[in-house]
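Have a look at the structure below before the remarks.
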Amino acid sequence: MSSSKVTNSEEGPPRGVCINDALTDDELRAILSRLPGDADRDVFGLVCKRWLRVQSSDRRRLCVRAGSSMLRRMADRFTGIVELDLSQSASRSYYPGVTDSDLSIIAGGFRQLRILKLQNCKGITDAGLIALASGLPSLQSLDLTNCRKLTIKGLVAIAEWCCKLRSLNLTGCRSITDMLLETLSKSCSHLEELGLSGCSNITDSGLSVLVDGCHHIKLLDVSKCSKIGDIGVSKVAKTCNSSLNTLKLLDCHKIGDDSIYSLSASCPNLDTLVIGGCQNISDESIKSLVHSCSESLRQLRMDWCLNISDSSLSCVFSNCRNIAALDISCCDTVTDAAFLGLKRGGYRSSLKVLRASNCPRITVSAISLILEFCDSLEHLDVRSCPQITEVSCSEAGLQFPEGCKINFNGSLTEANVMVDVFF
């Protein structure tokens with residue numbers, strides 16, 4: 001048998017050749033790009049100093065807790081960072097936390113930064129924001145949730161100088177007034193997401209001015225903004241009709257049927273609606289919304305909407321085939337009859353989360369219908385429903401999907417992380 005000679009090119013690089021001599025930086029980056037997760041990328045950087053340099057220059061995201069000296073070193077090492085998360089825990093902050101001098105370092109050192117998260121950084125002030133605004137004019141996303149020392153001065157600087165902003169979260173920044181919304185309208189025409197929950201000084205006039213310049217709002221959260229009513233919401237619905245998909249109006253007590261009718265008339269792509277605590281909303285407006293958004297609506301929160309009854313809820317079940325999360329807690333007129341809509345719909349529901357705590361008139365018959373038509377159920381909250389207990393469900397022979405969490409007991413104020421993702 002004849003043997004064929006194998007050349008060096010068929011064998012690969014000659015023995016004894018260092019991999020660093022054989023591969024260029026671009027080839028190393030190509031290898032790095034194929035690694036599936038951040039942990040594997042970090043291991044890549046442990047091979048040698050050269051690989052660490054390549055890995056550092058290629059990194060795009062950082063989530064850290066670091067002081068000024070560490071931030072300077074990170075800025076020198078990670079030159080391509082696009083997203084930086086310095087958020088602190090709401091309940092356990094470290095001292096001194098993020099400071100204005102840290103924001104100055106970020107503005108001067110992370111020049112490629114587009115996304116900055118500063119949730120619960122309670123030590124930063126207007127001076128730090130002004131430094132950010134002047135140093136990072138290309139910033140596209142900024143989260144300042146619960147940064148309570150900030151005033152209108154620093155926030156207006158961000159709005160005026162960061163004209164490419166697409167997402168701005170100001171939840172809990174209570175000093176905000178309509179003046180900021182006016183500045184956003186003039187300067188940030190690309191704005192798509194705005195969180196104003198708890199900013200109780202804003203009014204319908206401010207919302208109206210905002211959407212005069214920001215026509216592409218996709219997400220708007222004005223929960224607990226007590227001065228917001230039907231006029232402002234209706235203006236948002238009509239102006240952002242093709243883009244609006246998430247609207248949160250939790251505990252906006254001035255909201256009534258006119259807002260819901262405006263949404264049903266103008267916003268066919270609505271995905272998420274939070275109207276919990278809006279007690280002036282009735283069945284008829286909800287049914288109008290359901291018929292307009294039956295294909296798009298996936299998340300609906302209407303706890304404490306005391307005028308909601310079987311009529312509108314049955315309409316939701318029979319028409320919204322893509323509904324994934326529904327909250328009807330404390331809607332105390334709802335009965336088992338509402339759940340017959342699941343049967344009338346003639347399809348398998350996509351429902352994953354149902355919160356129905358403190359609905360005293362529903363029984364295990366309603367739960368039986370849910371289990372029959374909702375194969376994807378992951379979480380069911382029936383606390384303070386006296387006719388639905390673990391014992392009564394067992395006696396009725398009900399079989400819950402594997403992995404489904406059923407909450408029969410516990411405090412009504414108890415948070416659930418999985419459920420809160422939806423609302």
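Order determines the names: the first chain of the structure tokens is A, the second B, and so forth; residues in each chain are numbered 1 upward, and ligands are numbered 1 upward as they are shown.
The list of residues with at least one atom within 7 Å of segment 170-172 of chain A, based on only C-alpha atoms and without residues fewer than 3 positions apart in the same chain, reads Asp143, Leu144, Thr145, Asn146, Arg148, Gly195, Leu196, Ser197, Gly198 and Cys199 of chain A.
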Put those residues in a file: all heavy atoms, as a short mmCIF file (atom, residue, chain, number, x, y, z; two decimals), in the first residue's frame.
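File written: result.cif
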```cif
data_model
loop_
_atom_site.label_atom_id
_atom_site.label_comp_id
_atom_site.auth_asym_id
_atom_site.auth_seq_id
_atom_site.Cartn_x
_atom_site.Cartn_y
_atom_site.Cartn_z
N ASP A 143 -31.13 55.68 33.17
CA ASP A 143 -32.06 55.26 34.23
C ASP A 143 -31.65 55.93 35.53
O ASP A 143 -30.58 55.63 36.09
CB ASP A 143 -32.03 53.74 34.39
CG ASP A 143 -33.15 53.22 35.29
OD1 ASP A 143 -33.70 54.02 36.08
OD2 ASP A 143 -33.47 52.02 35.22
N LEU A 144 -32.48 56.84 36.02
CA LEU A 144 -32.22 57.59 37.25
C LEU A 144 -33.28 57.28 38.31
O LEU A 144 -33.59 58.13 39.15
CB LEU A 144 -32.20 59.09 36.94
CG LEU A 144 -31.10 59.56 35.99
CD1 LEU A 144 -31.35 61.00 35.56
CD2 LEU A 144 -29.73 59.42 36.63
N THR A 145 -33.80 56.07 38.30
CA THR A 145 -34.84 55.67 39.24
C THR A 145 -34.40 55.95 40.69
O THR A 145 -33.33 55.52 41.12
CB THR A 145 -35.16 54.18 39.07
OG1 THR A 145 -35.68 53.95 37.77
CG2 THR A 145 -36.17 53.71 40.10
N ASN A 146 -35.24 56.67 41.40
CA ASN A 146 -35.05 56.95 42.84
C ASN A 146 -33.76 57.71 43.15
O ASN A 146 -33.21 57.57 44.25
CB ASN A 146 -35.10 55.66 43.66
CG ASN A 146 -36.49 55.05 43.66
OD1 ASN A 146 -37.49 55.76 43.62
ND2 ASN A 146 -36.56 53.73 43.71
N ARG A 148 -33.06 60.81 44.25
CA ARG A 148 -34.00 61.81 44.77
C ARG A 148 -33.40 63.17 45.06
O ARG A 148 -34.11 64.11 45.40
CB ARG A 148 -34.69 61.24 46.02
CG ARG A 148 -35.60 60.09 45.65
CD ARG A 148 -36.25 59.43 46.83
NE ARG A 148 -37.14 58.35 46.40
CZ ARG A 148 -37.65 57.45 47.21
NH1 ARG A 148 -37.39 57.50 48.50
NH2 ARG A 148 -38.45 56.50 46.75
N GLY A 195 -40.23 56.94 31.82
CA GLY A 195 -40.77 56.51 33.11
C GLY A 195 -40.89 57.68 34.06
O GLY A 195 -39.87 58.30 34.41
N LEU A 196 -42.11 58.00 34.45
CA LEU A 196 -42.38 59.15 35.33
C LEU A 196 -43.18 58.75 36.56
O LEU A 196 -43.84 59.58 37.17
CB LEU A 196 -43.13 60.24 34.55
CG LEU A 196 -42.42 60.85 33.35
CD1 LEU A 196 -43.39 61.70 32.53
CD2 LEU A 196 -41.22 61.68 33.79
N SER A 197 -43.14 57.47 36.91
CA SER A 197 -43.94 57.00 38.04
C SER A 197 -43.58 57.75 39.33
O SER A 197 -42.40 57.89 39.68
CB SER A 197 -43.69 55.50 38.25
OG SER A 197 -44.42 55.02 39.36
N GLY A 198 -44.60 58.25 40.01
CA GLY A 198 -44.38 58.97 41.25
C GLY A 198 -44.01 60.43 41.08
O GLY A 198 -43.78 61.12 42.08
N CYS A 199 -43.94 60.91 39.86
CA CYS A 199 -43.62 62.32 39.60
C CYS A 199 -44.92 63.11 39.64
O CYS A 199 -45.51 63.44 38.60
CB CYS A 199 -42.91 62.47 38.26
SG CYS A 199 -41.39 61.51 38.13
#
```
Can you list every residue in segment 257-408 of chain A that DSSP puts in helix (DSSP H, G or I), as a PDB file with C-alpha atoms, in the first residue's frame?
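Output file states-v4.pdb follows:
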```pdb
ATOM      1  CA  ASP A 257     -63.548  55.795  30.453  1.00  0.00           C
ATOM      2  CA  ASP A 258     -62.533  58.586  28.066  1.00  0.00           C
ATOM      3  CA  SER A 259     -58.891  57.487  28.290  1.00  0.00           C
ATOM      4  CA  ILE A 260     -59.768  53.876  27.509  1.00  0.00           C
ATOM      5  CA  TYR A 261     -62.012  54.855  24.589  1.00  0.00           C
ATOM      6  CA  SER A 262     -59.164  56.980  23.167  1.00  0.00           C
ATOM      7  CA  LEU A 263     -56.774  54.033  23.411  1.00  0.00           C
ATOM      8  CA  SER A 264     -59.254  51.712  21.719  1.00  0.00           C
ATOM      9  CA  ALA A 265     -59.817  54.213  18.905  1.00  0.00           C
ATOM     10  CA  SER A 266     -56.152  55.082  18.296  1.00  0.00           C
ATOM     11  CA  ASP A 283     -67.079  47.539  31.661  1.00  0.00           C
ATOM     12  CA  GLU A 284     -68.100  49.273  28.436  1.00  0.00           C
ATOM     13  CA  SER A 285     -64.793  51.018  27.821  1.00  0.00           C
ATOM     14  CA  ILE A 286     -62.839  47.832  28.579  1.00  0.00           C
ATOM     15  CA  LYS A 287     -64.945  45.880  26.079  1.00  0.00           C
ATOM     16  CA  SER A 288     -64.257  48.560  23.478  1.00  0.00           C
ATOM     17  CA  LEU A 289     -60.517  48.245  24.125  1.00  0.00           C
ATOM     18  CA  VAL A 290     -60.631  44.452  23.934  1.00  0.00           C
ATOM     19  CA  HIS A 291     -62.328  44.477  20.532  1.00  0.00           C
ATOM     20  CA  SER A 292     -59.734  46.934  19.170  1.00  0.00           C
ATOM     21  CA  ASP A 310     -68.165  39.616  34.617  1.00  0.00           C
ATOM     22  CA  SER A 311     -69.214  41.392  31.427  1.00  0.00           C
ATOM     23  CA  SER A 312     -65.832  42.905  30.524  1.00  0.00           C
ATOM     24  CA  LEU A 313     -63.716  40.114  31.996  1.00  0.00           C
ATOM     25  CA  SER A 314     -65.583  37.484  29.998  1.00  0.00           C
ATOM     26  CA  CYS A 315     -64.929  39.614  26.907  1.00  0.00           C
ATOM     27  CA  VAL A 316     -61.200  39.596  27.702  1.00  0.00           C
ATOM     28  CA  PHE A 317     -61.137  35.816  28.053  1.00  0.00           C
ATOM     29  CA  SER A 318     -63.137  35.152  24.889  1.00  0.00           C
ATOM     30  CA  ASN A 319     -61.256  37.570  22.607  1.00  0.00           C
ATOM     31  CA  ASP A 336     -67.359  32.278  38.000  1.00  0.00           C
ATOM     32  CA  ALA A 337     -69.475  33.438  35.048  1.00  0.00           C
ATOM     33  CA  ALA A 338     -66.610  35.636  33.826  1.00  0.00           C
ATOM     34  CA  PHE A 339     -64.429  32.581  33.223  1.00  0.00           C
ATOM     35  CA  LEU A 340     -66.961  31.021  30.853  1.00  0.00           C
ATOM     36  CA  GLY A 341     -65.436  33.372  28.287  1.00  0.00           C
ATOM     37  CA  LEU A 342     -62.526  30.920  28.098  1.00  0.00           C
ATOM     38  CA  LYS A 343     -64.904  28.287  26.768  1.00  0.00           C
ATOM     39  CA  ARG A 344     -66.610  30.674  24.346  1.00  0.00           C
ATOM     40  CA  GLY A 345     -63.275  31.777  22.888  1.00  0.00           C
ATOM     41  CA  VAL A 364     -63.124  26.237  42.342  1.00  0.00           C
ATOM     42  CA  SER A 365     -65.382  26.104  39.262  1.00  0.00           C
ATOM     43  CA  ALA A 366     -63.536  29.119  37.887  1.00  0.00           C
ATOM     44  CA  ILE A 367     -60.196  27.506  38.646  1.00  0.00           C
ATOM     45  CA  SER A 368     -61.328  24.341  36.855  1.00  0.00           C
ATOM     46  CA  LEU A 369     -62.047  26.379  33.702  1.00  0.00           C
ATOM     47  CA  ILE A 370     -58.654  28.067  33.929  1.00  0.00           C
ATOM     48  CA  LEU A 371     -56.890  24.724  34.157  1.00  0.00           C
ATOM     49  CA  GLU A 372     -58.908  23.349  31.240  1.00  0.00           C
ATOM     50  CA  PHE A 373     -58.029  26.159  28.818  1.00  0.00           C
ATOM     51  CA  GLU A 390     -55.833  24.150  48.879  1.00  0.00           C
ATOM     52  CA  VAL A 391     -58.279  21.698  50.437  1.00  0.00           C
ATOM     53  CA  SER A 392     -61.207  22.641  48.170  1.00  0.00           C
ATOM     54  CA  CYS A 393     -59.017  22.369  45.052  1.00  0.00           C
ATOM     55  CA  SER A 394     -57.798  18.954  46.176  1.00  0.00           C
ATOM     56  CA  GLU A 395     -61.342  17.738  46.893  1.00  0.00           C
TER      57      GLU A 395
END
```
**Report entry** Spatial neighbours of segment 234-241 of chain A, max dist 12 Å, only C-alpha atoms, sep filter under 4 positions, as a ChimeraX atom specification
**Finding:** /A:191-193,204-222,228-230,245-247,255-270
Set out as a tab-separated table a contact list for segment 214-310 of chain A and segment 320-324 of chain A with a cut-off of 8 Å, giving each residue of segment 214-310 of chain A that qualifies its closest atom pair and distance in Å to one decimal, counting only C-alpha atoms, ordered by chain and rising residue number.
```
residue	atom	partner	partner_atom	distance
A:Val290	CA	A:Cys320	CA	7.0
A:Cys293	CA	A:Cys320	CA	7.9
A:Ser294	CA	A:Cys320	CA	4.6
A:Glu295	CA	A:Cys320	CA	6.2
A:Ser296	CA	A:Asn322	CA	7.1
A:Leu297	CA	A:Ile323	CA	6.0
A:Arg298	CA	A:Ile323	CA	3.9
A:Gln299	CA	A:Ala324	CA	5.9
A:Leu300	CA	A:Ile323	CA	7.8
```
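Each of A:Arg174, A:Lys254, A:Ile158, A:Ser187 was checked against Asn201 of chain A using only C-alpha atoms; the smallest atom-to-atom distance is that of A:Arg174.
In the backbone-derived DSSP annotation, strand (DSSP E) within segment 121-174 of chain A comprises Ser141, Leu142, Asp143, Ser167, Leu168 and Asn169 of chain A.
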Query - Nearby residues (only C-alpha atoms) at most 12 Å from segment 126-140 of chain A, same-chain spacing under 6 positions excluded, as JSON, numbers by chain - result: {"A": [82, 83, 84, 98, 99, 100, 101, 102, 103, 104, 105, 106, 107, 108, 109, 110, 111, 112, 113, 114, 115, 116, 117, 118, 147, 148, 149, 150, 151, 152, 153, 154, 155, 156, 157, 158, 159, 160, 161, 162, 163, 164, 165, 166, 167, 168, 169, 175, 187, 188, 189, 190, 191, 192, 193]}
Report task. Grab the atom CA of Cys330 of chain A to atom CA of Ile202 of chain A distance for me, in Å with one decimal place. Result -> 28.3 Å
Report task. Determine the nearest neighbour of Gly276 of chain A from the options A:Leu194, A:Cys225, A:Ile328, A:Arg34, counting only C-alpha atoms. Result -> A:Ile328
